[in-house]
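Structure file entry_39.txt with compact mmCIF, C-alpha atoms:
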# COMPACT_ATOMS: atom_id res chain seq x y z
CA MET P 1 24.20 16.65 21.84
CA ALA P 2 22.91 13.07 21.78
CA VAL P 3 24.99 11.74 18.89
CA PRO P 4 28.72 12.55 18.73
CA LEU P 5 29.73 15.02 16.03
CA SER P 6 32.07 12.51 14.36
CA GLN P 7 29.20 10.07 13.94
CA MET P 8 26.93 12.74 12.49
CA VAL P 9 29.64 13.81 10.06
CA THR P 10 30.26 10.20 9.01
CA VAL P 11 26.59 9.53 8.38
CA ALA P 12 26.11 12.87 6.62
CA HIS P 13 29.13 12.30 4.39
CA TYR P 14 27.95 8.79 3.56
CA ALA P 15 24.37 9.83 2.76
CA LEU P 16 25.45 12.86 0.73
CA SER P 17 27.94 10.83 -1.29
CA GLN P 18 25.18 8.35 -2.13
CA GLN P 19 22.96 11.23 -3.23
CA VAL P 20 25.71 12.77 -5.37
CA ARG P 21 26.38 9.41 -7.01
CA ARG P 22 22.61 9.12 -7.58
CA VAL P 23 22.45 5.75 -5.84
CA LYS P 24 18.75 4.96 -5.74
CA ARG P 25 18.87 2.51 -2.86
CA TYR P 26 21.52 2.49 -0.20
CA PRO P 27 21.70 1.00 3.30
CA LEU P 28 22.12 3.15 6.37
CA VAL P 29 22.23 0.63 9.21
CA LEU P 30 23.23 -3.02 8.95
CA MET P 31 21.08 -5.10 11.28
CA LEU P 32 23.41 -7.93 12.22
CA GLU P 33 21.81 -10.84 14.04
CA PRO P 34 24.62 -13.23 15.00
CA LEU P 35 22.23 -15.56 16.85
CA PHE P 36 18.57 -15.93 17.72
CA ARG P 37 19.09 -17.42 21.17
CA CYS P 38 17.98 -15.10 23.98
CA ASN P 39 17.92 -15.29 27.77
CA LEU P 40 14.48 -13.67 27.86
CA GLU P 41 11.17 -14.53 26.22
CA CYS P 42 9.47 -11.17 25.80
CA ALA P 43 5.81 -11.29 24.85
CA GLY P 44 6.22 -8.73 22.05
CA CYS P 45 9.17 -10.44 20.40
CA GLY P 46 8.87 -12.55 17.27
CA LYS P 47 12.58 -13.18 16.84
CA ILE P 48 13.29 -16.20 18.98
CA GLN P 49 10.63 -18.77 18.12
CA TYR P 50 12.78 -21.47 16.51
CA PRO P 51 13.76 -25.08 17.17
CA ASP P 52 16.82 -25.55 19.37
CA HIS P 53 19.17 -26.44 16.51
CA ILE P 54 18.40 -23.05 14.92
CA LEU P 55 18.77 -21.20 18.23
CA ASN P 56 22.15 -22.87 18.68
CA ARG P 57 23.53 -21.56 15.38
CA ARG P 58 25.95 -18.62 15.48
CA LEU P 59 27.44 -16.36 12.85
CA THR P 60 31.23 -16.47 12.94
CA PRO P 61 33.25 -13.26 13.32
CA GLU P 62 34.33 -13.61 9.68
CA GLN P 63 30.72 -13.88 8.52
CA CYS P 64 29.85 -10.75 10.52
CA TRP P 65 32.78 -8.75 9.15
CA ASN P 66 32.10 -9.90 5.59
CA ALA P 67 28.48 -8.79 5.93
CA ALA P 68 29.61 -5.36 7.14
CA ASP P 69 32.08 -5.06 4.26
CA GLU P 70 29.52 -6.23 1.70
CA CYS P 71 26.84 -3.88 2.95
CA GLY P 72 28.98 -0.80 3.48
CA ALA P 73 26.57 0.94 5.87
CA PRO P 74 28.31 3.28 8.34
CA ILE P 75 26.31 1.96 11.30
CA VAL P 76 26.01 -1.65 12.48
CA SER P 77 23.27 -2.53 14.93
CA ILE P 78 23.63 -5.91 16.62
CA PRO P 79 20.31 -7.19 17.94
CA GLY P 80 19.37 -10.84 18.17
CA GLY P 81 18.63 -12.88 20.24
CA GLU P 82 20.84 -11.62 23.02
CA PRO P 83 24.23 -10.76 21.49
CA LEU P 84 26.12 -11.05 24.77
CA ILE P 85 25.40 -14.79 24.79
CA HIS P 86 27.61 -15.15 21.70
CA PRO P 87 31.04 -16.26 22.97
CA GLU P 88 32.84 -14.43 20.15
CA MET P 89 30.96 -11.16 20.46
CA PRO P 90 33.97 -9.17 21.75
CA THR P 91 35.95 -10.32 18.70
CA ILE P 92 33.08 -9.47 16.36
CA VAL P 93 32.77 -5.99 17.87
CA GLU P 94 36.51 -5.41 17.77
CA GLY P 95 36.63 -6.23 14.06
CA LEU P 96 33.74 -3.89 13.32
CA VAL P 97 35.32 -1.07 15.33
CA GLN P 98 38.58 -1.58 13.41
CA ARG P 99 36.52 -1.01 10.27
CA LYS P 100 35.34 2.27 11.82
CA LYS P 101 31.74 1.14 11.94
CA TYR P 102 29.55 2.78 14.57
CA VAL P 103 28.34 -0.30 16.46
CA TYR P 104 25.15 -0.37 18.52
CA LEU P 105 25.25 -3.53 20.61
CA CYS P 106 21.64 -4.09 21.62
CA THR P 107 21.29 -5.98 24.86
CA ASN P 108 18.81 -6.62 27.64
CA ALA P 109 21.81 -6.00 29.94
CA ILE P 110 21.32 -9.10 32.04
CA LEU P 111 24.89 -10.20 31.22
CA LEU P 112 26.35 -6.76 30.60
CA GLU P 113 27.98 -5.95 33.91
CA ARG P 114 29.89 -9.23 34.09
CA LYS P 115 30.96 -8.93 30.42
CA LEU P 116 32.15 -5.32 30.48
CA ASP P 117 35.80 -6.33 30.93
CA GLU P 118 35.69 -7.95 27.50
CA TYR P 119 35.03 -4.64 25.72
CA HIS P 120 36.93 -1.39 25.36
CA PRO P 121 35.29 2.06 25.47
CA SER P 122 35.28 3.69 22.04
CA LYS P 123 33.35 6.35 20.21
CA PHE P 124 32.51 3.54 17.76
CA LEU P 125 30.87 1.30 20.38
CA THR P 126 27.53 1.98 22.07
CA PHE P 127 25.65 -0.35 24.35
CA SER P 128 21.99 0.07 23.44
CA ILE P 129 20.01 -1.17 26.41
CA HIS P 130 16.54 -2.58 25.95
CA MET P 131 14.29 -0.66 28.36
CA ASP P 132 10.55 -0.70 27.71
CA GLY P 133 9.54 1.68 30.47
CA LEU P 134 9.69 2.13 34.20
CA LYS P 135 10.24 -0.89 36.42
CA GLU P 136 6.67 -2.20 36.37
CA GLU P 137 6.20 -1.80 32.61
CA HIS P 138 9.64 -3.10 31.70
CA ASP P 139 9.51 -6.21 33.85
CA HIS P 140 6.06 -6.89 32.51
CA ALA P 141 7.16 -6.45 28.88
CA VAL P 142 10.13 -8.79 29.27
CA CYS P 143 8.06 -11.29 31.25
CA ARG P 144 10.49 -11.45 34.17
CA GLU P 145 10.65 -9.69 37.49
CA GLY P 146 13.81 -7.81 38.41
CA VAL P 147 15.24 -7.23 34.94
CA TYR P 148 14.78 -3.45 35.13
CA GLU P 149 16.95 -3.18 38.22
CA VAL P 150 19.63 -5.41 36.71
CA ALA P 151 19.66 -3.22 33.59
CA VAL P 152 19.88 0.03 35.57
CA LYS P 153 22.81 -1.34 37.55
CA ALA P 154 24.55 -2.40 34.34
CA ILE P 155 23.94 1.01 32.74
CA ARG P 156 25.58 2.71 35.73
CA ALA P 157 28.55 0.33 35.53
CA ALA P 158 29.01 0.86 31.78
CA LEU P 159 28.78 4.64 32.11
CA ALA P 160 31.27 4.60 34.99
CA ARG P 161 33.77 2.83 32.72
CA GLY P 162 33.36 5.39 29.96
CA PHE P 163 31.20 3.46 27.53
CA ARG P 164 28.63 5.12 25.33
CA VAL P 165 25.20 3.97 26.50
CA THR P 166 21.78 4.54 24.96
CA THR P 167 18.40 2.96 25.56
CA ASN P 168 16.01 1.44 23.06
CA THR P 169 12.34 1.36 23.90
CA THR P 170 9.46 -0.34 22.17
CA LEU P 171 6.03 1.01 22.99
CA PHE P 172 2.84 -0.99 22.84
CA GLU P 173 -0.88 -0.38 22.95
CA ASP P 174 -1.03 -0.05 26.73
CA ALA P 175 1.68 2.63 26.99
CA GLN P 176 0.71 5.44 29.39
CA PRO P 177 2.13 8.80 28.22
CA THR P 178 2.69 10.19 31.71
CA ARG P 179 4.54 7.04 32.75
CA VAL P 180 6.66 7.02 29.60
CA ARG P 181 7.60 10.69 30.09
CA LYS P 182 8.60 9.87 33.63
CA PHE P 183 10.67 7.01 32.19
CA PHE P 184 12.44 9.48 29.87
CA ASP P 185 13.33 11.59 32.93
CA GLU P 186 14.66 8.56 34.74
CA MET P 187 16.85 7.42 31.85
CA MET P 188 18.35 10.88 31.33
CA GLU P 189 19.00 11.16 35.07
CA LEU P 190 20.93 7.89 34.82
CA GLY P 191 23.21 9.67 32.37
CA VAL P 192 22.57 7.81 29.13
CA GLU P 193 23.69 9.55 25.96
CA GLY P 194 20.29 9.33 24.31
CA MET P 195 17.15 7.28 23.89
CA MET P 196 15.67 5.45 20.93
CA ILE P 197 11.95 4.87 20.77
CA SER P 198 9.75 3.03 18.34
CA PRO P 199 6.25 1.61 18.17
CA GLY P 200 6.14 -2.18 18.41
CA TYR P 201 5.77 -4.19 15.25
CA SER P 202 3.07 -6.80 15.00
CA TYR P 203 5.27 -9.85 14.53
CA GLU P 204 3.12 -12.62 13.18
CA LYS P 205 4.91 -15.00 15.52
CA ALA P 206 4.83 -12.88 18.67
CA PRO P 207 2.68 -14.35 21.43
CA ASP P 208 0.98 -11.09 22.39
CA GLN P 209 -0.99 -10.06 19.30
CA HIS P 210 -3.39 -7.74 21.11
CA SER P 211 -0.94 -5.08 22.20
CA PHE P 212 0.44 -3.73 18.94
CA LEU P 213 -0.26 -0.18 17.92
CA LYS P 214 -2.34 0.86 14.93
CA ARG P 215 -1.19 3.90 12.93
CA ASP P 216 -3.67 6.44 14.33
CA ARG P 217 -2.99 5.29 17.86
CA THR P 218 0.76 5.48 17.21
CA ARG P 219 0.49 9.12 16.08
CA THR P 220 -1.67 10.04 19.06
CA LEU P 221 0.61 8.32 21.55
CA PHE P 222 3.83 9.81 20.20
CA SER P 223 2.25 13.27 20.03
CA GLN P 224 1.41 12.96 23.70
CA LEU P 225 4.90 11.71 24.48
CA LEU P 226 6.93 14.18 22.46
CA SER P 227 4.91 17.39 22.56
CA GLN P 228 6.27 19.97 25.00
CA ARG P 229 9.45 17.95 25.12
CA LYS P 230 11.84 18.60 27.97
CA ARG P 231 15.19 20.07 26.98
CA THR P 232 16.92 17.38 29.02
CA TRP P 233 15.58 14.57 26.83
CA GLN P 234 18.01 13.43 24.14
CA PHE P 235 16.94 11.10 21.38
CA ASN P 236 19.51 9.11 19.50
CA GLN P 237 17.58 9.15 16.24
CA SER P 238 16.48 11.39 13.40
CA PRO P 239 14.31 14.30 14.58
CA LEU P 240 12.29 13.96 11.38
CA PHE P 241 11.53 10.34 12.26
CA LEU P 242 10.16 11.53 15.59
CA GLU P 243 7.97 14.03 13.72
CA PHE P 244 6.81 11.15 11.51
CA LEU P 245 5.77 9.21 14.60
CA MET P 246 3.88 12.27 15.83
CA GLY P 247 1.97 12.48 12.54
CA LYS P 248 3.63 15.72 11.46
CA ARG P 249 5.24 14.10 8.42
CA ASP P 250 4.43 11.25 6.11
CA TYR P 251 7.05 8.95 4.69
CA GLU P 252 7.14 5.86 2.53
CA CYS P 253 8.99 2.90 3.99
CA THR P 254 12.63 2.38 3.03
CA PRO P 255 12.96 -1.37 3.66
CA TRP P 256 16.52 -1.53 2.24
CA GLY P 257 17.65 1.20 4.67
CA ASN P 258 18.29 -1.33 7.45
CA PRO P 259 19.21 -4.59 5.70
CA THR P 260 19.33 -7.64 7.94
CA TYR P 261 21.91 -10.41 7.94
CA ASN P 262 21.54 -13.48 10.13
CA VAL P 263 22.18 -17.22 10.23
CA PHE P 264 19.81 -17.68 7.28
CA GLY P 265 21.46 -15.05 5.04
CA TRP P 266 20.27 -11.61 3.87
CA GLN P 267 16.65 -11.33 4.91
CA ARG P 268 14.02 -10.13 2.42
CA PRO P 269 12.66 -7.52 2.52
CA CYS P 270 13.47 -6.03 5.93
CA TYR P 271 14.31 -6.59 9.57
CA LEU P 272 10.72 -7.41 10.46
CA LEU P 273 9.29 -9.38 7.56
CA GLN P 274 10.69 -12.75 6.54
CA ASP P 275 9.87 -13.33 2.89
CA GLY P 276 12.93 -15.36 2.04
CA TYR P 277 16.69 -14.90 1.95
CA ALA P 278 19.41 -13.83 -0.46
CA SER P 279 22.91 -15.26 -0.49
CA THR P 280 24.64 -11.93 -1.04
CA PHE P 281 23.93 -8.31 -0.29
CA GLN P 282 24.00 -7.53 -4.01
CA GLU P 283 21.40 -10.22 -4.65
CA LEU P 284 19.24 -8.75 -1.87
CA MET P 285 19.39 -5.26 -3.34
CA GLU P 286 19.00 -6.22 -6.99
CA GLU P 287 16.56 -9.12 -6.92
CA THR P 288 14.14 -8.20 -4.13
CA GLU P 289 10.80 -6.96 -5.47
CA TRP P 290 10.84 -3.82 -3.32
CA ASP P 291 7.63 -2.43 -4.85
CA ARG P 292 5.66 -5.23 -3.22
CA TYR P 293 6.33 -3.85 0.27
CA GLY P 294 5.30 -0.84 2.30
CA THR P 295 2.10 0.60 3.67
CA GLY P 296 -0.74 0.14 1.21
CA ARG P 297 1.15 -2.48 -0.77
CA HIS P 298 1.56 -5.37 1.65
CA GLU P 299 -0.84 -6.56 4.31
CA GLN P 300 1.87 -7.06 6.92
CA CYS P 301 3.16 -3.51 6.39
CA ARG P 302 -0.24 -1.93 7.06
CA ASP P 303 0.32 -0.51 10.53
CA CYS P 304 4.10 -0.51 10.62
CA MET P 305 5.81 2.76 11.57
CA VAL P 306 8.94 1.14 12.95
CA HIS P 307 12.36 2.82 12.85
CA CYS P 308 13.97 0.12 10.70
CA GLY P 309 11.67 1.07 7.83
CA TYR P 310 11.13 4.76 8.33
CA GLU P 311 14.21 6.23 10.01
CA ALA P 312 16.16 5.75 6.79
CA SER P 313 13.36 7.59 4.97
CA ALA P 314 13.74 10.48 7.39
CA VAL P 315 17.53 10.55 7.00
CA LYS P 316 17.20 10.50 3.22
CA ASP P 317 14.78 13.42 3.47
CA THR P 318 17.38 15.35 5.47
CA PHE P 319 20.06 14.92 2.84
CA SER P 320 18.05 15.01 -0.37
CA SER P 321 16.28 18.37 -0.13
CA TRP P 322 16.72 21.80 1.41
CA SER P 323 13.29 21.50 3.04
CA GLY P 324 14.35 18.26 4.66
CA PHE P 325 17.66 19.70 5.79
CA LEU P 326 16.11 22.88 7.19
CA GLY P 327 13.35 20.82 8.80
CA THR P 328 16.01 18.74 10.53
CA VAL P 329 17.81 21.84 11.79
CA ARG P 330 14.54 23.29 13.08
CA ALA P 331 13.43 20.03 14.69
CA THR P 332 16.83 19.67 16.35
CA LEU P 333 17.06 23.19 17.71
CA PHE P 334 13.38 23.79 18.40
CA PRO P 335 11.73 20.38 18.88
CA ASN P 336 8.61 21.91 20.37
CA ALA P 337 7.96 24.30 17.49
CA VAL P 338 4.90 23.34 15.44
CA MET H 1 -5.09 -32.46 -0.22
CA GLU H 2 -4.95 -35.78 1.53
CA MET H 3 -4.36 -35.63 5.25
CA THR H 4 -3.25 -38.54 7.31
CA SER H 5 -4.89 -39.48 10.55
CA ALA H 6 -2.28 -37.45 12.41
CA GLU H 7 -4.18 -34.26 11.65
CA LYS H 8 -7.30 -35.48 13.39
CA HIS H 9 -5.91 -35.67 16.84
CA VAL H 10 -2.59 -33.93 17.33
CA ASN H 11 -3.14 -30.18 17.32
CA LYS H 12 -2.83 -28.39 20.63
CA THR H 13 -4.95 -25.54 19.25
CA PRO H 14 -6.88 -24.86 16.06
CA GLN H 15 -4.20 -22.38 14.98
CA SER H 16 -1.26 -24.70 15.22
CA TRP H 17 -0.17 -26.88 12.30
CA GLU H 18 1.86 -29.09 14.59
CA GLY H 19 1.40 -32.75 13.80
CA ARG H 20 -0.37 -32.28 10.47
CA ASP H 21 0.74 -34.51 7.63
CA PHE H 22 0.04 -33.66 3.99
CA ARG H 23 0.28 -35.56 0.75
CA PRO H 24 -0.37 -32.87 -1.91
CA ALA H 25 -2.29 -34.08 -4.94
CA ASP H 26 -0.92 -31.53 -7.41
CA ASP H 27 1.54 -28.64 -7.84
CA HIS H 28 -0.92 -26.09 -6.47
CA GLU H 29 -1.38 -28.01 -3.24
CA LEU H 30 2.34 -28.67 -3.00
CA ARG H 31 3.12 -24.94 -3.24
CA GLU H 32 0.46 -24.20 -0.65
CA VAL H 33 1.76 -26.67 1.89
CA LEU H 34 5.40 -25.69 1.31
CA GLY H 35 4.36 -22.08 1.87
CA ARG H 36 2.94 -23.20 5.21
CA ALA H 37 6.14 -25.08 5.95
CA PHE H 38 8.12 -21.90 5.23
CA ASP H 39 5.97 -19.98 7.71
CA TYR H 40 6.10 -22.73 10.32
CA ARG H 41 8.41 -22.13 13.31
CA GLY H 42 9.24 -25.74 13.92
CA ASP H 43 10.90 -28.63 12.16
CA VAL H 44 9.11 -30.42 9.35
CA THR H 45 9.62 -33.84 7.80
CA ILE H 46 9.92 -33.77 4.02
CA GLN H 47 8.96 -36.95 2.19
CA LEU H 48 10.95 -37.37 -1.03
CA LYS H 49 10.05 -39.22 -4.21
CA THR H 50 13.00 -41.52 -3.55
CA GLY H 51 11.28 -42.73 -0.40
CA ASP H 52 13.77 -40.94 1.86
CA GLN H 53 12.76 -38.47 4.54
CA ILE H 54 14.52 -35.26 5.59
CA VAL H 55 13.82 -33.59 8.93
CA GLY H 56 14.74 -29.95 9.46
CA TYR H 57 13.75 -26.31 9.53
CA VAL H 58 12.55 -24.69 6.28
CA PHE H 59 13.95 -21.15 6.28
CA ASP H 60 13.63 -20.19 2.64
CA ARG H 61 11.63 -20.98 -0.46
CA ASN H 62 11.86 -19.65 -3.97
CA GLU H 63 9.01 -20.06 -6.43
CA GLY H 64 10.26 -17.43 -8.86
CA VAL H 65 12.65 -19.74 -10.67
CA ALA H 66 12.28 -22.48 -13.27
CA GLN H 67 12.72 -25.17 -10.63
CA PRO H 68 11.20 -23.91 -7.36
CA TYR H 69 12.98 -25.06 -4.22
CA ILE H 70 13.07 -24.88 -0.43
CA LYS H 71 16.14 -24.48 1.76
CA MET H 72 16.39 -26.32 5.07
CA PHE H 73 18.72 -26.49 8.01
CA LEU H 74 19.07 -30.01 9.37
CA ALA H 75 19.84 -30.38 13.04
CA ASP H 76 23.14 -32.19 12.50
CA GLN H 77 24.48 -30.29 9.49
CA GLN H 78 26.13 -26.90 9.30
CA GLU H 79 25.31 -26.13 5.66
CA PRO H 80 21.72 -25.81 4.41
CA GLN H 81 20.17 -28.30 2.01
CA THR H 82 18.31 -27.24 -1.11
CA ILE H 83 15.42 -29.43 -2.20
CA ALA H 84 13.49 -28.98 -5.44
CA TYR H 85 9.71 -28.92 -5.19
CA GLN H 86 9.53 -31.60 -7.88
CA ASN H 87 11.29 -34.07 -5.60
CA ILE H 88 8.82 -33.66 -2.72
CA THR H 89 5.75 -35.85 -2.20
CA GLY H 90 4.76 -35.02 1.37
CA VAL H 91 5.22 -32.66 4.28
CA LYS H 92 4.63 -33.37 7.94
CA PHE H 93 4.74 -30.62 10.55
CA SER H 94 6.59 -32.93 12.85
CA GLY H 95 8.45 -30.58 15.20
CA GLU H 96 7.09 -28.46 18.02
CA ASP H 97 5.38 -25.25 16.89
CA THR H 98 7.66 -22.90 18.81
CA ALA H 99 5.68 -19.82 17.78
CA PHE H 100 2.53 -20.90 19.46
CA GLY H 101 2.04 -18.32 22.22
CA ARG H 102 3.72 -19.56 25.33
CA SER H 103 5.26 -16.61 27.10
CA TRP H 104 2.34 -14.27 27.02
CA GLU H 105 -0.23 -16.81 28.12
CA ASP H 106 1.98 -18.09 30.91
CA TRP H 107 2.81 -14.59 32.04
CA ALA H 108 -0.80 -13.42 31.88
CA GLN H 109 -1.79 -16.26 34.18
CA LYS H 110 0.84 -15.29 36.72
CA THR H 111 0.40 -11.55 36.86
CA GLN H 112 -1.85 -8.62 36.12
CA LYS H 113 -0.78 -5.77 33.89
CA PRO H 114 0.69 -2.92 35.95
CA GLN H 115 -1.65 -0.14 36.91
CA PRO H 116 -0.33 3.36 36.35
CA SER H 117 0.45 5.05 39.63
structure tokens encoding of this file:
Amino acid sequence: MAVPLSQMVTVAHYALSQQVRRVKRYPLVLMLEPLFRCNLECAGCGKIQYPDHILNRRLTPEQCWNAADECGAPIVSIPGGEPLIHPEMPTIVEGLVQRKKYVYLCTNAILLERKLDEYHPSKFLTFSIHMDGLKEEHDHAVCREGVYEVAVKAIRAALARGFRVTTNTTLFEDAQPTRVRKFFDEMMELGVEGMMISPGYSYEKAPDQHSFLKRDRTRTLFSQLLSQRKRTWQFNQSPLFLEFLMGKRDYECTPWGNPTYNVFGWQRPCYLLQDGYASTFQELMEETEWDRYGTGRHEQCRDCMVHCGYEASAVKDTFSSWSGFLGTVRATLFPNAV
Amino acid sequence: MEMTSAEKHVNKTPQSWEGRDFRPADDHELREVLGRAFDYRGDVTIQLKTGDQIVGYVFDRNEGVAQPYIKMFLADQQEPQTIAYQNITGVKFSGEDTAFGRSWEDWAQKTQKPQPS
């Protein structure tokens, strides 16, 4: 089982209680960006292009905890930037774990091995390691030789100390299905709990604008990747979202599902688009013109099939209808069934 | 929209707004250039009606209120500054355009994409 039972129960209880209370819009994962500074400059990333005085800004632990309290989502994902650069990251994580939030600390793992002593293994803490493929593809994607081997070494060290470890993988236009499937084998052989995969988003500011996937190509690629799936592969994400990527399901985007808080405030409307900021989570939820966004409604949403918009849609489907629930059971037990 | 001489010679590429200096003639032009400033991934210099200048990063703008405004982070201040559109007379894209593709171009020059084995 890729995701621990306690986490599944927590998320299920949270989603069902929102449904029972007829809450129209609720967050599932808080995307907490405590800094934009990174120790890599990946060609597909549009998150780090700022002047130095912006890259030097940090959210305080109190700001991070307040955001988690305000938002109320059961899961907190900490991307960035590179979170391990933040000197107060262990304190931030500790406070979130005390709040019983399931924390996914997303890192390129360059600093992970030397920072492991600062963290304590917990079912609430997962290191989510950025791995964009086998050695050649990953080093190419992160624009630096040797990063794959550093990350693999750090994964082994974290696993040996009893930490939960997953991988997160962004796939671009040049992804080769046979190579990616081999990558899945390699990650599971390392012993990671599960893998997260998503098509890359065409950040307006990302240097490499030629490599982002269009929707048809995304469906074709993920069908090739996930058809005849090996039983050993574990994915740390909604099985219905994977079916969405394969073109077996169609969902509307749920941009409020993964609200983003960073040094600028609460980002409108989602993790990927920057259309302004709200001062409070309530202001974000109540004053954002949500109907302006999503495929067919906003030019920058046209080809997006990214997890931060659509995984929440898949989870809502699971808990809002019997067909969604039964589809989730089927896709979990028999992922290769049509 | 009046452009100063800076625009004629500064840009590294046609896509970059770095170095451009605008003096909007009306509200429409002001909104347009402040929209560009909001999208710009570098510092800008805001010219105020008072004659003062403010240099910083524009991270937010709100046109859906009675008095539209931008929000900026200044390099030496922790808290953001809010500036009403009506107090602005000019915008210069004075800081480096950090979004202009550096990594990919540099990397592409150094290496070939991996061939599947």
Residues near P:Leu32, cut-off 9 Å, only C-alpha atoms, skip fewer than 4 positions along chain, as number ranges by chain: P: 64, 67-68, 76-80, 259-262
Kindly assemble as JSON lines a list of the chain P residues that lie within 10 Å of chain H, each paired with its nearest atom pair and their distance in Å to one decimal, using all atoms listed in the file, sorted first by chain and then by ascending residue number.
{"residue": "P:Leu40", "atom": "CA", "partner": "H:Ser103", "partner_atom": "CA", "distance": 9.7}
{"residue": "P:Glu41", "atom": "CA", "partner": "H:Ser103", "partner_atom": "CA", "distance": 6.3}
{"residue": "P:Cys42", "atom": "CA", "partner": "H:Ser103", "partner_atom": "CA", "distance": 7.0}
{"residue": "P:Ala43", "atom": "CA", "partner": "H:Trp104", "partner_atom": "CA", "distance": 5.1}
{"residue": "P:Gly44", "atom": "CA", "partner": "H:Trp104", "partner_atom": "CA", "distance": 8.4}
{"residue": "P:Cys45", "atom": "CA", "partner": "H:Ser103", "partner_atom": "CA", "distance": 9.9}
{"residue": "P:Gly46", "atom": "CA", "partner": "H:Ala99", "partner_atom": "CA", "distance": 8.0}
{"residue": "P:Lys47", "atom": "CA", "partner": "H:Ala99", "partner_atom": "CA", "distance": 9.6}
{"residue": "P:Ile48", "atom": "CA", "partner": "H:Ala99", "partner_atom": "CA", "distance": 8.5}
{"residue": "P:Gln49", "atom": "CA", "partner": "H:Ala99", "partner_atom": "CA", "distance": 5.1}
{"residue": "P:Tyr50", "atom": "CA", "partner": "H:Arg41", "partner_atom": "CA", "distance": 5.5}
{"residue": "P:Pro51", "atom": "CA", "partner": "H:Gly42", "partner_atom": "CA", "distance": 5.6}
{"residue": "P:Asp52", "atom": "CA", "partner": "H:Ala75", "partner_atom": "CA", "distance": 8.5}
{"residue": "P:His53", "atom": "CA", "partner": "H:Ala75", "partner_atom": "CA", "distance": 5.3}
{"residue": "P:Ile54", "atom": "CA", "partner": "H:Ala75", "partner_atom": "CA", "distance": 7.7}
{"residue": "P:Asn56", "atom": "CA", "partner": "H:Ala75", "partner_atom": "CA", "distance": 9.7}
{"residue": "P:Arg57", "atom": "CA", "partner": "H:Gln78", "partner_atom": "CA", "distance": 8.5}
{"residue": "P:Lys135", "atom": "CA", "partner": "H:Pro114", "partner_atom": "CA", "distance": 9.8}
{"residue": "P:Glu136", "atom": "CA", "partner": "H:Pro114", "partner_atom": "CA", "distance": 6.0}
{"residue": "P:Glu137", "atom": "CA", "partner": "H:Pro114", "partner_atom": "CA", "distance": 6.5}
{"residue": "P:His138", "atom": "CA", "partner": "H:Pro114", "partner_atom": "CA", "distance": 9.9}
{"residue": "P:Asp139", "atom": "CA", "partner": "H:Pro114", "partner_atom": "CA", "distance": 9.6}
{"residue": "P:His140", "atom": "CA", "partner": "H:Lys113", "partner_atom": "CA", "distance": 7.1}
{"residue": "P:Ala141", "atom": "CA", "partner": "H:Trp104", "partner_atom": "CA", "distance": 9.4}
{"residue": "P:Val142", "atom": "CA", "partner": "H:Ser103", "partner_atom": "CA", "distance": 9.5}
{"residue": "P:Cys143", "atom": "CA", "partner": "H:Trp107", "partner_atom": "CA", "distance": 6.3}
{"residue": "P:Arg144", "atom": "CA", "partner": "H:Trp107", "partner_atom": "CA", "distance": 8.6}
{"residue": "P:Asp174", "atom": "CA", "partner": "H:Lys113", "partner_atom": "CA", "distance": 9.2}
{"residue": "P:Ala175", "atom": "CA", "partner": "H:Pro116", "partner_atom": "CA", "distance": 9.6}
{"residue": "P:Gln176", "atom": "CA", "partner": "H:Pro116", "partner_atom": "CA", "distance": 7.3}
{"residue": "P:Thr178", "atom": "CA", "partner": "H:Pro116", "partner_atom": "CA", "distance": 8.8}
{"residue": "P:Arg179", "atom": "CA", "partner": "H:Pro116", "partner_atom": "CA", "distance": 7.1}
{"residue": "P:Glu204", "atom": "CA", "partner": "H:Ala99", "partner_atom": "CA", "distance": 8.9}
{"residue": "P:Lys205", "atom": "CA", "partner": "H:Ala99", "partner_atom": "CA", "distance": 5.4}
{"residue": "P:Ala206", "atom": "CA", "partner": "H:Ala99", "partner_atom": "CA", "distance": 7.0}
{"residue": "P:Pro207", "atom": "CA", "partner": "H:Gly101", "partner_atom": "CA", "distance": 4.1}
{"residue": "P:Asp208", "atom": "CA", "partner": "H:Trp104", "partner_atom": "CA", "distance": 5.8}
{"residue": "P:Gln209", "atom": "CA", "partner": "H:Gly101", "partner_atom": "CA", "distance": 9.3}
{"residue": "P:Val263", "atom": "CA", "partner": "H:Phe59", "partner_atom": "CA", "distance": 9.9}
{"residue": "P:Phe264", "atom": "CA", "partner": "H:Phe59", "partner_atom": "CA", "distance": 6.9}
{"residue": "P:Gly265", "atom": "CA", "partner": "H:Asp60", "partner_atom": "CA", "distance": 9.7}
{"residue": "P:Gln267", "atom": "CA", "partner": "H:Asp60", "partner_atom": "CA", "distance": 9.6}
{"residue": "P:Gln274", "atom": "CA", "partner": "H:Asp39", "partner_atom": "CA", "distance": 8.7}
{"residue": "P:Asp275", "atom": "CA", "partner": "H:Asp60", "partner_atom": "CA", "distance": 7.8}
{"residue": "P:Gly276", "atom": "CA", "partner": "H:Asp60", "partner_atom": "CA", "distance": 4.9}
{"residue": "P:Tyr277", "atom": "CA", "partner": "H:Asp60", "partner_atom": "CA", "distance": 6.2}
{"residue": "P:Ala278", "atom": "CA", "partner": "H:Asp60", "partner_atom": "CA", "distance": 9.1}
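Candidate residues P:His307, P:Gly247, P:Glu283, P:Thr166 were compared for distance to P:Phe235, and the nearest is P:Thr166, using only C-alpha atoms.
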Spatial neighbours of P:Tyr14, 12 Å, only C-alpha atoms, chain gap at least 3 places, as a list in words: Gln7, Met8, Val9, Thr10, Val11, Ser17, Gln18, Gln19, Val20, Arg21, Val23, Tyr26, Pro27, Leu28, Val29, Gly72, Ala73, Pro74, Ile75, Lys101, Val315, Lys316 and Phe319 of chain P
